[in-house]
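As provided, target_27.cif (mmCIF, C-alpha atoms) reads as follows.
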data_work
#
loop_
_atom_site.group_PDB
_atom_site.id
_atom_site.type_symbol
_atom_site.label_atom_id
_atom_site.label_comp_id
_atom_site.auth_asym_id
_atom_site.auth_seq_id
_atom_site.Cartn_x
_atom_site.Cartn_y
_atom_site.Cartn_z
ATOM 1 C CA MET A 1 35.437 24.379 16.170
ATOM 2 C CA GLY A 2 32.732 24.336 18.788
ATOM 3 C CA SER A 3 29.180 23.303 18.089
ATOM 4 C CA SER A 4 26.076 25.310 18.844
ATOM 5 C CA SER A 5 22.359 24.668 18.788
ATOM 6 C CA GLU A 6 19.639 27.090 17.803
ATOM 7 C CA GLU A 7 16.154 26.987 19.237
ATOM 8 C CA ILE A 8 13.597 26.984 16.444
ATOM 9 C CA SER A 9 10.445 28.987 17.115
ATOM 10 C CA THR A 10 7.123 27.287 16.478
ATOM 11 C CA ILE A 11 5.191 30.578 16.511
ATOM 12 C CA VAL A 12 3.848 31.747 13.145
ATOM 13 C CA ARG A 13 2.429 35.250 12.620
ATOM 14 C CA LYS A 14 0.707 36.364 9.441
ATOM 15 C CA TRP A 15 -2.131 38.431 7.992
ATOM 16 C CA ARG A 16 -5.353 36.862 6.790
ATOM 17 C CA GLU A 17 -8.426 38.309 5.097
ATOM 18 C CA HIS A 18 -10.765 35.471 6.014
ATOM 19 C CA PRO A 19 -12.389 35.839 9.453
ATOM 20 C CA PRO A 20 -12.156 33.152 12.135
ATOM 21 C CA SER A 21 -14.350 30.142 11.506
ATOM 22 C CA SER A 22 -14.687 28.765 15.041
ATOM 23 C CA TYR A 23 -15.503 31.831 17.159
ATOM 24 C CA SER A 24 -15.454 35.625 17.059
ATOM 25 C CA LEU A 25 -15.595 37.967 20.050
ATOM 26 C CA LYS A 26 -16.407 41.585 19.166
ATOM 27 C CA VAL A 27 -15.982 44.209 21.898
ATOM 28 C CA ASP A 28 -17.549 47.653 21.553
ATOM 29 C CA ASN A 29 -15.540 49.248 24.381
ATOM 30 C CA PHE A 30 -12.134 47.747 25.078
ATOM 31 C CA LYS A 31 -11.308 50.169 27.906
ATOM 32 C CA GLN A 32 -14.393 49.004 29.780
ATOM 33 C CA LEU A 33 -13.322 45.403 29.216
ATOM 34 C CA GLU A 34 -9.936 46.281 30.731
ATOM 35 C CA MET A 35 -11.624 47.922 33.727
ATOM 36 C CA SER A 36 -13.815 44.877 34.305
ATOM 37 C CA THR A 37 -10.785 42.601 34.493
ATOM 38 C CA THR A 38 -8.519 44.543 36.851
ATOM 39 C CA THR A 39 -8.658 42.236 39.861
ATOM 40 C CA SER A 40 -6.433 39.186 40.212
ATOM 41 C CA ALA A 41 -9.513 37.037 40.755
ATOM 42 C CA ASN A 42 -11.125 38.346 37.592
ATOM 43 C CA ASP A 43 -8.330 39.260 35.187
ATOM 44 C CA ASN A 44 -9.756 37.691 32.028
ATOM 45 C CA TYR A 45 -12.883 37.512 29.944
ATOM 46 C CA GLN A 46 -14.310 34.110 29.031
ATOM 47 C CA SER A 47 -16.667 33.742 26.097
ATOM 48 C CA ARG A 48 -19.776 31.647 26.160
ATOM 49 C CA PRO A 49 -19.204 28.006 25.124
ATOM 50 C CA PHE A 50 -19.014 27.335 21.400
ATOM 51 C CA SER A 51 -18.869 24.125 19.438
ATOM 52 C CA SER A 52 -16.065 23.253 17.036
ATOM 53 C CA CYS A 53 -15.109 19.878 15.581
ATOM 54 C CA GLY A 54 -17.574 18.095 17.848
ATOM 55 C CA TYR A 55 -16.313 19.541 21.143
ATOM 56 C CA ASN A 56 -17.253 22.533 23.317
ATOM 57 C CA TRP A 57 -14.755 25.312 23.977
ATOM 58 C CA LYS A 58 -14.341 28.781 25.477
ATOM 59 C CA LEU A 59 -12.200 31.643 24.227
ATOM 60 C CA ILE A 60 -10.327 33.374 27.060
ATOM 61 C CA VAL A 61 -8.867 36.882 26.631
ATOM 62 C CA TYR A 62 -6.577 38.652 29.099
ATOM 63 C CA PRO A 63 -6.791 42.362 28.140
ATOM 64 C CA LYS A 64 -3.747 43.219 30.285
ATOM 65 C CA GLY A 65 -1.936 39.951 29.895
ATOM 66 C CA ASN A 66 -1.859 36.804 31.968
ATOM 67 C CA LYS A 67 0.474 37.766 34.811
ATOM 68 C CA LYS A 68 0.603 34.171 36.009
ATOM 69 C CA ASP A 69 2.081 33.302 32.602
ATOM 70 C CA ASN A 70 4.670 36.136 32.653
ATOM 71 C CA ALA A 71 2.677 38.118 30.100
ATOM 72 C CA LYS A 72 2.178 41.491 31.776
ATOM 73 C CA GLY A 73 2.001 44.182 29.119
ATOM 74 C CA PHE A 74 0.605 41.888 26.416
ATOM 75 C CA ILE A 75 -2.743 40.686 25.122
ATOM 76 C CA SER A 76 -3.020 37.005 26.104
ATOM 77 C CA MET A 77 -5.441 34.561 24.472
ATOM 78 C CA TYR A 78 -6.309 30.970 25.363
ATOM 79 C CA VAL A 79 -8.811 28.251 24.574
ATOM 80 C CA GLU A 80 -10.360 25.981 27.185
ATOM 81 C CA ILE A 81 -12.107 22.720 26.381
ATOM 82 C CA ASP A 82 -15.233 21.755 28.259
ATOM 83 C CA SER A 83 -14.201 18.873 30.505
ATOM 84 C CA LYS A 84 -17.472 17.130 29.686
ATOM 85 C CA SER A 85 -16.427 17.023 26.044
ATOM 86 C CA LEU A 86 -13.359 15.010 26.961
ATOM 87 C CA ILE A 87 -15.534 12.109 28.107
ATOM 88 C CA SER A 88 -16.626 11.428 24.527
ATOM 89 C CA ALA A 89 -13.116 11.818 23.094
ATOM 90 C CA PRO A 90 -10.963 8.786 22.250
ATOM 91 C CA ASN A 91 -8.745 8.043 25.278
ATOM 92 C CA CYS A 92 -10.311 11.121 26.927
ATOM 93 C CA GLU A 93 -7.983 13.487 25.079
ATOM 94 C CA VAL A 94 -8.245 15.834 22.124
ATOM 95 C CA PHE A 95 -5.456 17.074 19.845
ATOM 96 C CA ALA A 96 -6.184 20.494 18.377
ATOM 97 C CA GLU A 97 -4.526 23.189 16.277
ATOM 98 C CA LEU A 98 -5.179 26.731 17.534
ATOM 99 C CA ILE A 99 -5.034 29.950 15.505
ATOM 100 C CA PHE A 100 -5.793 33.210 17.313
ATOM 101 C CA PHE A 101 -7.140 36.279 15.488
ATOM 102 C CA VAL A 102 -7.083 40.020 16.159
ATOM 103 C CA TYR A 103 -8.805 42.264 13.639
ATOM 104 C CA ASN A 104 -6.922 45.283 12.274
ATOM 105 C CA LYS A 105 -9.140 48.011 10.819
ATOM 106 C CA THR A 106 -6.268 49.827 9.093
ATOM 107 C CA GLU A 107 -5.172 46.727 7.210
ATOM 108 C CA ASN A 108 -8.753 45.447 6.921
ATOM 109 C CA LYS A 109 -7.261 42.048 7.743
ATOM 110 C CA TYR A 110 -6.823 39.769 10.687
ATOM 111 C CA PHE A 111 -3.519 39.469 12.442
ATOM 112 C CA THR A 112 -3.167 35.762 13.224
ATOM 113 C CA ILE A 113 -0.747 34.011 15.511
ATOM 114 C CA GLN A 114 -0.329 30.284 15.902
ATOM 115 C CA ASP A 115 1.877 27.833 17.693
ATOM 116 C CA VAL A 116 2.194 25.200 14.970
ATOM 117 C CA GLU A 117 2.619 22.438 17.518
ATOM 118 C CA VAL A 118 -0.650 20.567 17.976
ATOM 119 C CA LYS A 119 -1.972 20.924 21.520
ATOM 120 C CA ARG A 120 -3.040 17.960 23.626
ATOM 121 C CA PHE A 121 -6.123 18.646 25.742
ATOM 122 C CA ASN A 122 -6.884 16.211 28.559
ATOM 123 C CA ALA A 123 -8.070 16.151 32.167
ATOM 124 C CA LEU A 124 -4.693 17.455 33.347
ATOM 125 C CA LYS A 125 -4.439 20.207 30.730
ATOM 126 C CA THR A 126 -7.728 21.768 29.601
ATOM 127 C CA VAL A 127 -6.338 25.198 28.634
ATOM 128 C CA TRP A 128 -3.846 26.067 25.901
ATOM 129 C CA GLY A 129 -2.981 29.379 24.313
ATOM 130 C CA LEU A 130 -0.468 32.155 23.744
ATOM 131 C CA GLN A 131 0.554 34.544 26.482
ATOM 132 C CA GLN A 132 2.061 37.203 24.197
ATOM 133 C CA VAL A 133 -0.281 37.744 21.267
ATOM 134 C CA LEU A 134 0.372 41.480 20.883
ATOM 135 C CA PRO A 135 2.114 44.089 23.071
ATOM 136 C CA SER A 136 -0.458 46.223 24.899
ATOM 137 C CA PHE A 137 1.111 49.509 23.759
ATOM 138 C CA GLN A 138 0.818 48.440 20.139
ATOM 139 C CA PHE A 139 -2.724 47.124 20.517
ATOM 140 C CA ASN A 140 -3.951 50.294 22.306
ATOM 141 C CA ASN A 141 -2.347 52.722 19.869
ATOM 142 C CA PRO A 142 -5.201 53.995 17.626
ATOM 143 C CA GLU A 143 -2.765 54.375 14.741
ATOM 144 C CA SER A 144 -2.053 50.632 14.833
ATOM 145 C CA GLY A 145 -5.625 49.844 13.804
ATOM 146 C CA TYR A 146 -6.506 47.202 16.405
ATOM 147 C CA VAL A 147 -8.769 49.544 18.369
ATOM 148 C CA PHE A 148 -11.109 51.554 16.151
ATOM 149 C CA GLU A 149 -14.382 53.513 15.923
ATOM 150 C CA GLY A 150 -14.850 54.382 19.566
ATOM 151 C CA ASP A 151 -12.683 51.701 21.164
ATOM 152 C CA GLN A 152 -14.061 48.689 19.294
ATOM 153 C CA CYS A 153 -11.990 45.582 18.691
ATOM 154 C CA GLU A 154 -12.407 41.968 17.648
ATOM 155 C CA PHE A 155 -10.761 38.730 18.764
ATOM 156 C CA GLY A 156 -11.263 35.274 17.355
ATOM 157 C CA VAL A 157 -9.997 31.733 17.165
ATOM 158 C CA ASP A 158 -9.943 28.743 14.872
ATOM 159 C CA VAL A 159 -9.946 25.408 16.650
ATOM 160 C CA VAL A 160 -9.086 22.570 14.304
ATOM 161 C CA VAL A 161 -9.227 18.990 15.524
ATOM 162 C CA PRO A 162 -7.603 16.718 12.942
ATOM 163 C CA SER A 163 -9.786 13.779 11.977
ATOM 164 C CA PRO A 164 -8.549 10.310 12.908
ATOM 165 C CA LEU A 165 -6.241 8.832 10.310
ATOM 166 C CA THR A 166 -8.320 6.745 7.904
ATOM 167 C CA ASN A 167 -6.276 6.844 4.701
ATOM 168 C CA TRP A 168 -2.924 5.103 4.794
ATOM 169 C CA GLU A 169 -0.660 2.563 3.180
ATOM 170 C CA ILE A 170 2.258 0.524 4.447
ATOM 171 C CA LEU A 171 4.930 -0.295 1.879
ATOM 172 C CA SER A 172 7.394 -3.099 2.620
ATOM 173 C CA PHE A 173 10.180 -4.755 0.614
ATOM 174 C CA ASN A 174 10.750 -8.457 1.140
ATOM 175 C CA GLU A 175 14.395 -9.334 0.527
ATOM 176 C CA LYS A 176 14.340 -12.727 2.235
ATOM 177 C CA LEU A 177 11.959 -14.872 0.244
ATOM 178 C CA PRO A 178 11.997 -18.479 1.493
ATOM 179 C CA PHE A 179 11.788 -20.028 -1.994
ATOM 180 C CA PRO A 180 12.824 -17.287 -4.433
ATOM 181 C CA LYS A 181 13.048 -19.390 -7.608
ATOM 182 C CA PHE A 182 10.508 -20.736 -10.069
ATOM 183 C CA SER A 183 11.626 -23.112 -12.813
ATOM 184 C CA TRP A 184 9.841 -24.051 -16.014
ATOM 185 C CA ASN A 185 10.909 -26.802 -18.372
ATOM 186 C CA VAL A 186 9.548 -26.175 -21.840
ATOM 187 C CA LYS A 187 9.542 -29.578 -23.522
ATOM 188 C CA ASN A 188 9.877 -30.228 -27.257
ATOM 189 C CA PHE A 189 10.808 -26.623 -27.865
ATOM 190 C CA SER A 190 11.643 -27.069 -31.549
ATOM 191 C CA GLN A 191 8.166 -28.456 -32.211
ATOM 192 C CA LEU A 192 6.173 -25.656 -30.556
ATOM 193 C CA LYS A 193 3.541 -24.212 -32.897
ATOM 194 C CA GLU A 194 1.642 -21.653 -30.821
ATOM 195 C CA ASP A 195 2.637 -17.992 -30.720
ATOM 196 C CA ARG A 196 2.631 -17.870 -26.938
ATOM 197 C CA TYR A 197 2.906 -20.309 -24.040
ATOM 198 C CA LEU A 198 2.140 -19.744 -20.381
ATOM 199 C CA SER A 199 3.824 -21.422 -17.449
ATOM 200 C CA ASN A 200 1.908 -22.734 -14.484
ATOM 201 C CA THR A 201 0.801 -20.036 -12.056
ATOM 202 C CA PHE A 202 3.118 -19.687 -9.080
ATOM 203 C CA SER A 203 3.060 -17.688 -5.852
ATOM 204 C CA MET A 204 5.738 -15.227 -4.835
ATOM 205 C CA GLY A 205 5.502 -12.381 -2.332
ATOM 206 C CA ALA A 206 1.786 -12.992 -1.708
ATOM 207 C CA ARG A 207 1.045 -12.485 -5.431
ATOM 208 C CA GLN A 208 0.325 -14.870 -8.250
ATOM 209 C CA TRP A 209 2.602 -14.833 -11.278
ATOM 210 C CA VAL A 210 3.003 -16.491 -14.639
ATOM 211 C CA LEU A 211 5.730 -16.520 -17.307
ATOM 212 C CA TRP A 212 4.888 -15.771 -20.915
ATOM 213 C CA LEU A 213 7.118 -17.316 -23.537
ATOM 214 C CA TYR A 214 7.021 -16.633 -27.277
ATOM 215 C CA PRO A 215 9.054 -19.403 -29.013
ATOM 216 C CA LYS A 216 9.532 -17.332 -32.162
ATOM 217 C CA GLY A 217 9.263 -13.950 -30.509
ATOM 218 C CA ASP A 218 6.384 -11.510 -30.233
ATOM 219 C CA SER A 219 5.590 -8.889 -32.873
ATOM 220 C CA ARG A 220 8.706 -6.878 -31.942
ATOM 221 C CA ALA A 221 11.201 -9.733 -32.333
ATOM 222 C CA ASP A 222 10.923 -10.213 -36.126
ATOM 223 C CA GLY A 223 10.883 -13.983 -35.713
ATOM 224 C CA LYS A 224 14.551 -14.010 -34.743
ATOM 225 C CA SER A 225 14.466 -14.008 -30.945
ATOM 226 C CA LEU A 226 12.826 -15.659 -27.989
ATOM 227 C CA SER A 227 10.518 -13.297 -26.056
ATOM 228 C CA LEU A 228 10.130 -13.806 -22.297
ATOM 229 C CA PHE A 229 8.007 -11.904 -19.765
ATOM 230 C CA LEU A 230 7.033 -12.012 -16.095
ATOM 231 C CA VAL A 231 3.341 -11.197 -15.720
ATOM 232 C CA LEU A 232 0.828 -11.074 -12.895
ATOM 233 C CA ALA A 233 -1.642 -13.919 -13.216
ATOM 234 C CA GLU A 234 -5.102 -13.131 -14.557
ATOM 235 C CA SER A 235 -6.565 -14.067 -11.175
ATOM 236 C CA ASP A 236 -4.375 -11.506 -9.365
ATOM 237 C CA LYS A 237 -4.543 -8.299 -11.353
ATOM 238 C CA HIS A 238 -3.737 -5.035 -9.623
ATOM 239 C CA LYS A 239 -6.542 -2.831 -8.421
ATOM 240 C CA ALA A 240 -6.686 0.816 -9.444
ATOM 241 C CA ASP A 241 -3.486 2.649 -8.451
ATOM 242 C CA GLU A 242 -2.010 -0.490 -6.900
ATOM 243 C CA LYS A 243 1.542 -1.491 -7.788
ATOM 244 C CA THR A 244 4.236 -4.033 -6.924
ATOM 245 C CA PHE A 245 7.975 -3.625 -7.224
ATOM 246 C CA VAL A 246 10.004 -6.597 -8.436
ATOM 247 C CA GLN A 247 13.744 -7.053 -8.623
ATOM 248 C CA ALA A 248 14.446 -10.409 -10.221
ATOM 249 C CA TYR A 249 16.529 -12.320 -12.733
ATOM 250 C CA LEU A 250 14.989 -13.974 -15.771
ATOM 251 C CA ARG A 251 17.212 -16.775 -17.061
ATOM 252 C CA VAL A 252 17.445 -19.344 -19.791
ATOM 253 C CA LEU A 253 19.631 -22.013 -18.211
ATOM 254 C CA ASP A 254 22.647 -23.625 -19.785
ATOM 255 C CA PRO A 255 21.823 -27.354 -19.688
ATOM 256 C CA TYR A 256 25.494 -28.331 -19.916
ATOM 257 C CA GLY A 257 27.192 -25.817 -17.673
ATOM 258 C CA SER A 258 26.783 -22.463 -15.948
ATOM 259 C CA SER A 259 26.776 -20.033 -18.873
ATOM 260 C CA HIS A 260 23.159 -19.048 -18.273
ATOM 261 C CA HIS A 261 21.603 -16.270 -20.308
ATOM 262 C CA ALA A 262 20.076 -13.769 -17.851
ATOM 263 C CA TYR A 263 18.665 -10.284 -17.507
ATOM 264 C CA GLN A 264 17.884 -8.437 -14.305
ATOM 265 C CA MET A 265 14.622 -6.538 -13.957
ATOM 266 C CA ASN A 266 13.866 -3.650 -11.618
ATOM 267 C CA PHE A 267 10.299 -2.808 -12.324
ATOM 268 C CA TRP A 268 7.038 -1.545 -10.815
ATOM 269 C CA HIS A 269 4.122 -3.689 -11.957
ATOM 270 C CA LYS A 270 1.028 -1.516 -12.201
ATOM 271 C CA GLU A 271 -2.613 -1.967 -13.090
ATOM 272 C CA LYS A 272 -2.171 -1.132 -16.768
ATOM 273 C CA ASN A 273 1.077 -3.034 -17.230
ATOM 274 C CA LEU A 274 0.810 -6.528 -18.648
ATOM 275 C CA GLY A 275 4.179 -7.300 -17.128
ATOM 276 C CA PHE A 276 7.855 -6.865 -17.756
ATOM 277 C CA GLY A 277 10.377 -8.694 -19.865
ATOM 278 C CA TRP A 278 12.280 -8.635 -23.106
ATOM 279 C CA PRO A 279 10.885 -9.116 -26.620
ATOM 280 C CA LYS A 280 14.421 -9.949 -27.784
ATOM 281 C CA PHE A 281 15.544 -11.984 -24.809
ATOM 282 C CA LEU A 282 17.728 -14.472 -26.701
ATOM 283 C CA SER A 283 18.435 -15.002 -30.387
ATOM 284 C CA LEU A 284 16.934 -18.228 -31.718
ATOM 285 C CA THR A 285 20.234 -19.056 -33.383
ATOM 286 C CA GLU A 286 22.117 -18.923 -30.106
ATOM 287 C CA LEU A 287 19.281 -20.686 -28.312
ATOM 288 C CA GLY A 288 19.394 -23.622 -30.718
ATOM 289 C CA LYS A 289 23.143 -23.990 -30.403
ATOM 290 C CA LEU A 290 23.602 -23.645 -26.646
ATOM 291 C CA TYR A 291 20.413 -23.829 -24.600
ATOM 292 C CA LEU A 292 18.391 -26.875 -25.646
ATOM 293 C CA ASP A 293 19.153 -30.095 -23.807
ATOM 294 C CA LYS A 294 19.387 -33.542 -25.439
ATOM 295 C CA GLU A 295 15.628 -33.978 -25.178
ATOM 296 C CA ASP A 296 14.885 -30.666 -26.913
ATOM 297 C CA ALA A 297 13.794 -28.978 -23.664
ATOM 298 C CA LEU A 298 14.374 -25.347 -22.762
ATOM 299 C CA HIS A 299 14.898 -24.591 -19.069
ATOM 300 C CA VAL A 300 13.606 -21.215 -17.949
ATOM 301 C CA GLU A 301 13.984 -19.763 -14.467
ATOM 302 C CA VAL A 302 12.997 -16.631 -12.588
ATOM 303 C CA GLU A 303 14.725 -15.757 -9.318
ATOM 304 C CA PHE A 304 13.236 -13.023 -7.148
ATOM 305 C CA GLU A 305 15.589 -10.862 -5.092
ATOM 306 C CA VAL A 306 13.136 -8.226 -3.865
ATOM 307 C CA ILE A 307 9.373 -7.964 -4.041
ATOM 308 C CA SER A 308 7.237 -5.276 -2.475
ATOM 309 C CA GLY A 309 4.016 -5.628 -0.581
ATOM 310 C CA THR A 310 1.556 -2.889 0.299
ATOM 311 C CA LYS A 311 -1.267 -2.784 2.811
ATOM 312 C CA TYR A 312 -3.946 -0.188 2.216
ATOM 313 C CA SER A 313 -6.654 1.403 4.317
ATOM 314 C CA PRO A 314 -10.165 0.186 3.449
ATOM 315 C CA ILE A 315 -11.856 2.148 0.673
ATOM 316 C CA ILE A 316 -15.257 3.369 1.832
#

Once you've parsed the file, please lay out its structure as structure tokens.
Amino acid sequence: MGSSSEEISTIVRKWREHPPSSYSLKVDNFKQLEMSTTTSANDNYQSRPFSSCGYNWKLIVYPKGNKKDNAKGFISMYVEIDSKSLISAPNCEVFAELIFFVYNKTENKYFTIQDVEVKRFNALKTVWGLQQVLPSFQFNNPESGYVFEGDQCEFGVDVVVPSPLTNWEILSFNEKLPFPKFSWNVKNFSQLKEDRYLSNTFSMGARQWVLWLYPKGDSRADGKSLSLFLVLAESDKHKADEKTFVQAYLRVLDPYGSSHHAYQMNFWHKEKNLGFGWPKFLSLTELGKLYLDKEDALHVEVEFEVISGTKYSPII
């Protein structure tokens, strides 16, 4: 079976009630406008300069089409940037979206046509537009509604210059941490009296972390299980809407072999989350039989496999 490619048009046509916001050109006698632009040296009408998005522009209308752009028999419309405006533009170029308008009295709406590709204005290319806005026979037909009340008509344009990008974030996932493990030896485990114990703060993936350990479990463990959690340190809490993804293993190590007790976490740490872990990580009965060494120490470990990092644009 052969393959084929289809060219996708970037031209969008639609009706709009709202008038143009950048510039409007109303003509009270279109036939006279056509007559005034019959010579090859003077085949278009250029509006006075107007300001939009900090730059100066002109709207250019070819009543009989821009023959140099293969548009004979059409209404052609273009926008030209004032070359002096380019001097103040970053890198002496301006990217703009152009929407051209033609008012239709019958519909009481504006026919709009747009090439959705953003246009790049610079010293080498100061004019952009559309050579075939409407066929001349359709535009000049009174029943179509574009020419009305004694040969009046209206053209317009919206020139939109996107603002420079100021809001952004860059999300990365670090899968090659140089020292992915943190170990914590909890001494004299059987003699612990407090409800909760905190490990030393440690750094991983440019964030500060701490382990929370409940020797007899938190309120959800009914005093029968060890509770264990990975939590962001108090000194490194997330800001509003900030979050960090963690893929890691929490383990209680087997002091006599390799039968470690482990759970894997895949979790987004957010501002309102205290952390992630398991209230019933390991039963105290099993812990006492298998996971305390000869000196009554419990060996806890967290191993990070993936941790995310995000850079944000400054908040003004």

Report as a Markdown table: every residue of region 4-66 of chain A with an atom at most 8 Å from region 131-145 of chain A, its closest pair of atoms, and their distance in Å to one decimal, counting only C-alpha atoms, with rows sorted by chain and ascending residue number.
| residue | atom | partner | partner_atom | distance |
| --- | --- | --- | --- | --- |
| A:Lys64 | CA | A:Ser136 | CA | 7.0 |
| A:Gly65 | CA | A:Gln131 | CA | 6.9 |
| A:Asn66 | CA | A:Gln131 | CA | 6.4 |

Next item on the list: Report the distance between CA of Phe202 (chain A) and CA of Asp218 (chain A) in Å, rounded to one decimal place.
Entry: 22.9 Å

Next item on the list: Please evaluate the PyMOL selection byres ((chain A and resi 54) around 12) against the structure above and give the resulting residues as a list in words.
Entry: Ser22, Phe50, Ser51, Ser52, Cys53, Tyr55, Asn56, Trp57, Ile81, Asp82, Lys84, Ser85, Leu86, Ser88, Ala89, Val94, Ala96, Val159, Val160, Val161, Pro162 and Ser163 of chain A

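Distances from A:Leu284, A:Val116, A:Val27, A:Val306 to Phe100 (chain A) were compared using all atoms listed in the file, and the smallest one belongs to A:Val116.
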
Next item on the list: Please write as a ChimeraX atom specification the full residue list that the PyMOL selection byres ((chain A and resi 168) around 10) yields on this file.
Entry: /A:165-167,169-171,311-314

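Closest to Arg120 (chain A) among A:Ile60, A:Val300, A:Cys92, A:Leu287 is A:Cys92, based on all atoms listed in the file.
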
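Candidate residues A:Trp128, A:Tyr256, A:Phe148, A:Tyr62 were compared for distance to Leu292 (chain A), and the nearest is A:Tyr256, using all atoms listed in the file.
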
Notebook entry, point to check: Excluding same-chain residues fewer than 5 positions from Asn29 (chain A), what lies within 10 Å of it counting all atoms listed in the file, as a ChimeraX atom specification?
Noted result: /A:34,147-153

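The gap separating CA of Ser183 (chain A) from CA of Thr201 (chain A) is 11.3 Å, in Å to one decimal.
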
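With distances restricted to only C-alpha atoms, A:Thr112 is the closest residue to Gly156 (chain A) from A:Thr37, A:Ser199, A:Thr106, A:Thr112.
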
Checklist line | Residue list as a ChimeraX atom specification for point (18.0, -24.2, -24.6), cut-off 9 Å, all atoms listed in the file | finding: /A:189,252-255,286-293,296-300

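Interatomic distance, CA of Lys270 (chain A) to CA of Leu232 (chain A): 9.6 Å.
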
Check: At most 10 Å from (16.5, -11.6, -16.3), file frame, only C-alpha atoms: which residues, as a count of residues only?
Finding: 23

Note to self: Starting from the PyMOL selection byres ((chain A and resi 12-19) around 10), expand the selection into actual residues of this file and give them as a PyMOL selection string.
What the structure shows: chain A and resi 9-11+20-24+99-104+107-116+133+155-158

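Comparing A:Pro279, A:Gly129, A:Pro180, A:Gly223 by their smallest distance to Gly205 (chain A), the closest is A:Pro180 (using all atoms listed in the file).
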
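The shortest atom-to-atom distance to Glu305 (chain A), with only C-alpha atoms taken into account, belongs to A:Val246 out of A:Val246, A:Leu192, A:Ala221, A:Val231.
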
Margin query: Quick one: residues within 7 Å of Phe173 (chain A), all atoms listed in the file, excluding same-chain residues fewer than 4 positions away - as a list in words?
Written below: Val306, Ile307, Ser308 and Gly309 of chain A

Written-out region 270-282 of chain A (N, CA, C and O atoms) as a PDB file, in the first residue's frame:
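Written file, out_23.pdb:
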ATOM      1  N   LYS A 270       3.346  17.129  48.329  1.00  0.00           N
ATOM      2  CA  LYS A 270       2.793  18.453  48.075  1.00  0.00           C
ATOM      3  C   LYS A 270       2.809  19.280  49.348  1.00  0.00           C
ATOM      4  O   LYS A 270       3.138  18.797  50.423  1.00  0.00           O
ATOM      5  N   GLU A 271       2.401  20.530  49.189  1.00  0.00           N
ATOM      6  CA  GLU A 271       2.464  21.481  50.305  1.00  0.00           C
ATOM      7  C   GLU A 271       1.705  20.973  51.533  1.00  0.00           C
ATOM      8  O   GLU A 271       2.182  21.064  52.654  1.00  0.00           O
ATOM      9  N   LYS A 272       0.514  20.419  51.301  1.00  0.00           N
ATOM     10  CA  LYS A 272      -0.337  20.039  52.426  1.00  0.00           C
ATOM     11  C   LYS A 272      -0.084  18.616  52.915  1.00  0.00           C
ATOM     12  O   LYS A 272      -0.683  18.189  53.885  1.00  0.00           O
ATOM     13  N   ASN A 273       0.794  17.899  52.233  1.00  0.00           N
ATOM     14  CA  ASN A 273       1.092  16.534  52.661  1.00  0.00           C
ATOM     15  C   ASN A 273       2.208  16.537  53.698  1.00  0.00           C
ATOM     16  O   ASN A 273       3.256  17.148  53.489  1.00  0.00           O
ATOM     17  N   LEU A 274       2.001  15.860  54.797  1.00  0.00           N
ATOM     18  CA  LEU A 274       3.086  15.719  55.767  1.00  0.00           C
ATOM     19  C   LEU A 274       4.176  14.808  55.234  1.00  0.00           C
ATOM     20  O   LEU A 274       5.351  14.956  55.563  1.00  0.00           O
ATOM     21  N   GLY A 275       3.797  13.864  54.402  1.00  0.00           N
ATOM     22  CA  GLY A 275       4.761  12.933  53.847  1.00  0.00           C
ATOM     23  C   GLY A 275       4.043  11.693  53.383  1.00  0.00           C
ATOM     24  O   GLY A 275       2.828  11.687  53.183  1.00  0.00           O
ATOM     25  N   PHE A 276       4.818  10.629  53.218  1.00  0.00           N
ATOM     26  CA  PHE A 276       4.219   9.385  52.746  1.00  0.00           C
ATOM     27  C   PHE A 276       4.875   8.216  53.452  1.00  0.00           C
ATOM     28  O   PHE A 276       6.080   8.202  53.693  1.00  0.00           O
ATOM     29  N   GLY A 277       4.074   7.231  53.770  1.00  0.00           N
ATOM     30  CA  GLY A 277       4.594   6.043  54.431  1.00  0.00           C
ATOM     31  C   GLY A 277       3.464   5.111  54.786  1.00  0.00           C
ATOM     32  O   GLY A 277       2.369   5.169  54.203  1.00  0.00           O
ATOM     33  N   TRP A 278       3.713   4.269  55.772  1.00  0.00           N
ATOM     34  CA  TRP A 278       2.747   3.244  56.131  1.00  0.00           C
ATOM     35  C   TRP A 278       2.535   3.213  57.652  1.00  0.00           C
ATOM     36  O   TRP A 278       3.494   3.016  58.419  1.00  0.00           O
ATOM     37  N   PRO A 279       1.291   3.425  58.087  1.00  0.00           N
ATOM     38  CA  PRO A 279       1.021   3.336  59.528  1.00  0.00           C
ATOM     39  C   PRO A 279       1.192   1.906  60.062  1.00  0.00           C
ATOM     40  O   PRO A 279       1.497   1.717  61.235  1.00  0.00           O
ATOM     41  N   LYS A 280       0.991   0.929  59.191  1.00  0.00           N
ATOM     42  CA  LYS A 280       1.188  -0.475  59.586  1.00  0.00           C
ATOM     43  C   LYS A 280       2.302  -1.060  58.729  1.00  0.00           C
ATOM     44  O   LYS A 280       2.103  -1.945  57.907  1.00  0.00           O
ATOM     45  N   PHE A 281       3.501  -0.522  58.917  1.00  0.00           N
ATOM     46  CA  PHE A 281       4.627  -0.924  58.096  1.00  0.00           C
ATOM     47  C   PHE A 281       5.085  -2.352  58.396  1.00  0.00           C
ATOM     48  O   PHE A 281       5.372  -3.129  57.492  1.00  0.00           O
ATOM     49  N   LEU A 282       5.145  -2.687  59.702  1.00  0.00           N
ATOM     50  CA  LEU A 282       5.647  -3.998  60.110  1.00  0.00           C
ATOM     51  C   LEU A 282       5.066  -4.333  61.474  1.00  0.00           C
ATOM     52  O   LEU A 282       5.082  -3.498  62.388  1.00  0.00           O
TER      53      LEU A 282
END
